[in-house]
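Inspection log for the structure reproduced underneath, given as structure tokens.
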Amino acid sequence: MFLSSAYQFLEHLKGVRQASSHTVRNYAIDLNAFKTFIESQWHDGKEPGELPEKIHHERSEASRDKSKDELLPIEKIDRQLLRTFLANLHKADVNKRTIARRVASLRSFFRFVQGKGWILSNPTEDLESPKVEKRIPVSLEYEQVKRLFEQPDTSSLLGMRDRVIMELLYSSGLRVSELVSLNRADIDFEEQLIKLRGKGKKERLVPITEDATTWLKTYLEHPERYLDVDGHSKQRDDEAVFLNRHGTRLSARSVDRNFDRYLTASGLAGKVTPHTIRHTIATHWLENGMDLKTIQALLGHSSLSTTTIYTKVSPKLKKEVYDKTHPRAK
């Protein structure tokens, strides 16, 4: 059955492939989009309560209600049905990037199902995905970075926390998910190194600047961290580095929400996000002579082609290439 297979696939992503919760949630979103479509094709007119519940990325296969699984037999899903699904997405003017992700998710899912022997042939074979142009990341000028860093009120513990987050993002090009999962045991203050758990739970060691080290140490040793004062609760998670106002581990969503306020205050609101700082430091490293292989290792990119996008970001590098190659610029 489609639903049982979907839940076992999500459990495979979490348990075997060690995918992040964000990745698993995105797969669940894509599978739910397809589930809604096949229900409309096979059971048009049924009330929502008569259909199986939505696929939830945090629910286990063992704990869910399986009483309506028979409504969605996976063996009935063929290539023509998938093509109709894609045609409907195009007709609804769904973003090409979203459609490409839906296709990739369904390919992974049906490869898993076929590997288990639950279907004889894979209906996603030869399924065409829309071509999506690679987005060129947004990068900030150093003066803009400094203006952003001036926004948090470091006289408060929460403001200091947010400044430390900015320092670490710019110091070492962390992903927000890597930052919020940091534990005290991951920090080597003497060597100025931190251990990160990146995509696929791959671990890597990255250096941090002296400034970032000082800010981080000050935050971790701040006396208010252990008190119920100034609108926040004392530390309730002994391992986590970054805490929310309740004293428990800070979430990636909270980082995004806090940044919105600082970005607005600094005049940088718009297309800039916390992830922009990762793009920014990668661009600045490149501009200052760091080689691509080192940047790849620091950022935790599995492919060098992902890192080379930064050669297209920097106006400074573009100008250097222009000056070197334009006949009239010599």
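If you're wondering about the labels, chains in the structure tokens are A, B, ... by order shown, residues count from 1 in each chain, ligands from 1 in order shown.
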
| said: Would you pick out the contacts of Phe259 of chain A at 7 Å or less, using only C-alpha atoms, so that residues sharing its chain but fewer than 4 positions from it are not included, and give the list as a PyMOL selection string? | reply: chain A and resi 255+263+274

| field | Polymer residues at most 7 Å from segment 124-134 of chain A, only C-alpha atoms, same-chain spacing of 4 or more positions, as a list in words | value |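 Contacts, with the query itself left out: Arg79, Lys96, Arg97, Ala100, Val103 and Arg107 of chain A.
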
| Between A:Ala297, A:Val164, A:Leu89, A:Val113, which is the closest to Met1 of chain A once you count only C-alpha atoms? |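 With only C-alpha atoms as the atom set, the closest residue is A:Val113.
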
| Distance in Å - atom CA of Lys76 of chain A versus atom CA of Ala19 of chain A |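 Atom-to-atom, atom CA of Lys76 of chain A to atom CA of Ala19 of chain A, that is 28.8 Å.
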
Interface rows for segment 58-164 of chain A against segment 12-16 of chain A: nearest pair, Å to one decimal, 12 Å, only C-alpha atoms, as a tab-separated table:
```
residue	atom	partner	partner_atom	distance
A:Glu58	CA	A:Lys14	CA	9.9
A:Arg59	CA	A:Lys14	CA	11.7
A:Ser60	CA	A:Lys14	CA	10.8
A:Glu61	CA	A:His12	CA	11.0
A:Ser105	CA	A:Leu13	CA	11.5
A:Ser108	CA	A:Leu13	CA	10.1
A:Phe109	CA	A:Leu13	CA	10.0
A:Phe112	CA	A:His12	CA	8.9
A:Val113	CA	A:His12	CA	11.0
A:Lys116	CA	A:His12	CA	11.5
```

| When DSSP works through the backbone of this structure, what residues of segment 9-57 of chain A end up as helix (DSSP H, G or I), shown as a ChimeraX atom specification? | /A:9-15,21-42,48-50

| For Thr307 of chain A, which residue out of A:Lys146, A:His57, A:Pro137, A:Trp42 is the nearest one, using only C-alpha atoms? |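 With only C-alpha atoms as the atom set, the closest residue is A:Pro137.
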
| Sel. of strand (DSSP E or B) residues, segment 34-276 of chain A, as a list in words |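 Those in segment 34-276 of chain A that DSSP calls strand (DSSP E or B) are Asn183, Ile187, Asp188, Leu193, Ile194, Lys195, Leu196, Arg197, Glu203, Arg204, Leu205, Val206, Pro207, Val229, His232, Ala240, Leu243 and Arg249 of chain A.
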
Those residues you just picked out, can you put them in a file as a tab-separated table (two decimals), in the first residue's frame with N, CA and C atoms?
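Output saved as out_7.tsv:
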```
chain	number	residue	atom	x	y	z
A	183	ASN	N	26.70	21.28	20.57
A	183	ASN	CA	26.77	20.98	21.99
A	183	ASN	C	28.07	21.53	22.57
A	187	ILE	N	32.99	21.91	21.20
A	187	ILE	CA	33.86	23.09	21.11
A	187	ILE	C	35.22	22.81	21.76
A	188	ASP	N	36.28	23.08	21.02
A	188	ASP	CA	37.65	23.00	21.55
A	188	ASP	C	38.18	24.43	21.59
A	193	LEU	N	38.48	25.18	17.55
A	193	LEU	CA	37.84	24.29	16.58
A	193	LEU	C	36.46	23.91	17.10
A	194	ILE	N	35.53	23.68	16.17
A	194	ILE	CA	34.23	23.13	16.55
A	194	ILE	C	33.90	21.94	15.65
A	195	LYS	N	33.22	20.98	16.23
A	195	LYS	CA	32.79	19.79	15.49
A	195	LYS	C	31.35	19.99	15.05
A	196	LEU	N	31.12	19.82	13.75
A	196	LEU	CA	29.79	20.02	13.19
A	196	LEU	C	29.22	18.72	12.67
A	197	ARG	N	27.89	18.60	12.76
A	197	ARG	CA	27.18	17.47	12.14
A	197	ARG	C	26.37	18.04	10.99
A	203	GLU	N	30.22	14.32	9.98
A	203	GLU	CA	30.92	15.20	10.92
A	203	GLU	C	32.14	15.83	10.27
A	204	ARG	N	32.43	17.07	10.65
A	204	ARG	CA	33.66	17.73	10.20
A	204	ARG	C	34.11	18.71	11.27
A	205	LEU	N	35.41	18.96	11.31
A	205	LEU	CA	35.98	19.95	12.21
A	205	LEU	C	36.25	21.22	11.43
A	206	VAL	N	35.84	22.37	11.98
A	206	VAL	CA	36.13	23.64	11.32
A	206	VAL	C	36.74	24.60	12.33
A	207	PRO	N	37.64	25.46	11.88
A	207	PRO	CA	38.21	26.47	12.78
A	207	PRO	C	37.25	27.61	13.01
A	229	VAL	N	15.91	35.51	34.81
A	229	VAL	CA	15.89	36.98	34.84
A	229	VAL	C	15.73	37.53	33.43
A	232	HIS	N	13.88	35.71	30.45
A	232	HIS	CA	14.26	34.36	30.00
A	232	HIS	C	14.45	33.44	31.21
A	240	ALA	N	23.23	21.78	25.22
A	240	ALA	CA	23.05	22.73	24.11
A	240	ALA	C	23.86	24.00	24.32
A	243	LEU	N	20.46	28.58	23.53
A	243	LEU	CA	19.21	28.34	24.24
A	243	LEU	C	18.16	29.39	23.87
A	249	ARG	N	16.96	24.10	24.03
A	249	ARG	CA	17.70	24.29	22.79
A	249	ARG	C	16.94	25.19	21.80
```

| request: Kindly give the distance, in Å, that separates atom CA of Gln41 of chain A and atom CA of Glu70 of chain A, rounded to a single decimal. | output: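 Atom-to-atom, atom CA of Gln41 of chain A and atom CA of Glu70 of chain A are spaced 15.1 Å apart.
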
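You can rank A:Glu221, A:Arg135, A:Asp69, A:Tyr27 by their closest distance to Tyr310 of chain A using only C-alpha atoms, and at the top of that list sits A:Arg135.
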
| query | Which polymer residues have any atom within 8 Å of an atom of Ser20 of chain A, counting only C-alpha atoms, with same-chain residues fewer than 4 positions away left out, as a list in words? | reply |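 The residues that qualify are Lys14, Val24, Lys199, Gly200 and Lys201 of chain A.
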
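Near segment 170-172 of chain A, within a cut-off of 6 Å and counting only C-alpha atoms, sit the residues Glu167, Ile208, Thr209, Ile277 and Ile281 of chain A, with same-chain residues fewer than 3 positions away left out.
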
Let me see the file: selected residues, C-alpha atoms, as a short mmCIF file (atom, residue, chain, number, x, y, z; two decimals), in the first residue's frame.
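See selection-v1.cif below for the written result:
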```cif
data_model
loop_
_atom_site.label_atom_id
_atom_site.label_comp_id
_atom_site.auth_asym_id
_atom_site.auth_seq_id
_atom_site.Cartn_x
_atom_site.Cartn_y
_atom_site.Cartn_z
CA GLU A 167 29.85 35.71 14.66
CA ILE A 208 36.64 29.53 14.37
CA THR A 209 38.14 32.99 14.58
CA ILE A 277 26.00 34.83 5.85
CA ILE A 281 31.92 34.26 4.09
#
```

| In terms of the shortest atom-to-atom distance over only C-alpha atoms, which of A:Ile136, A:Leu81, A:Leu106, A:Leu157 is closest to Asp228 of chain A? | A:Leu157
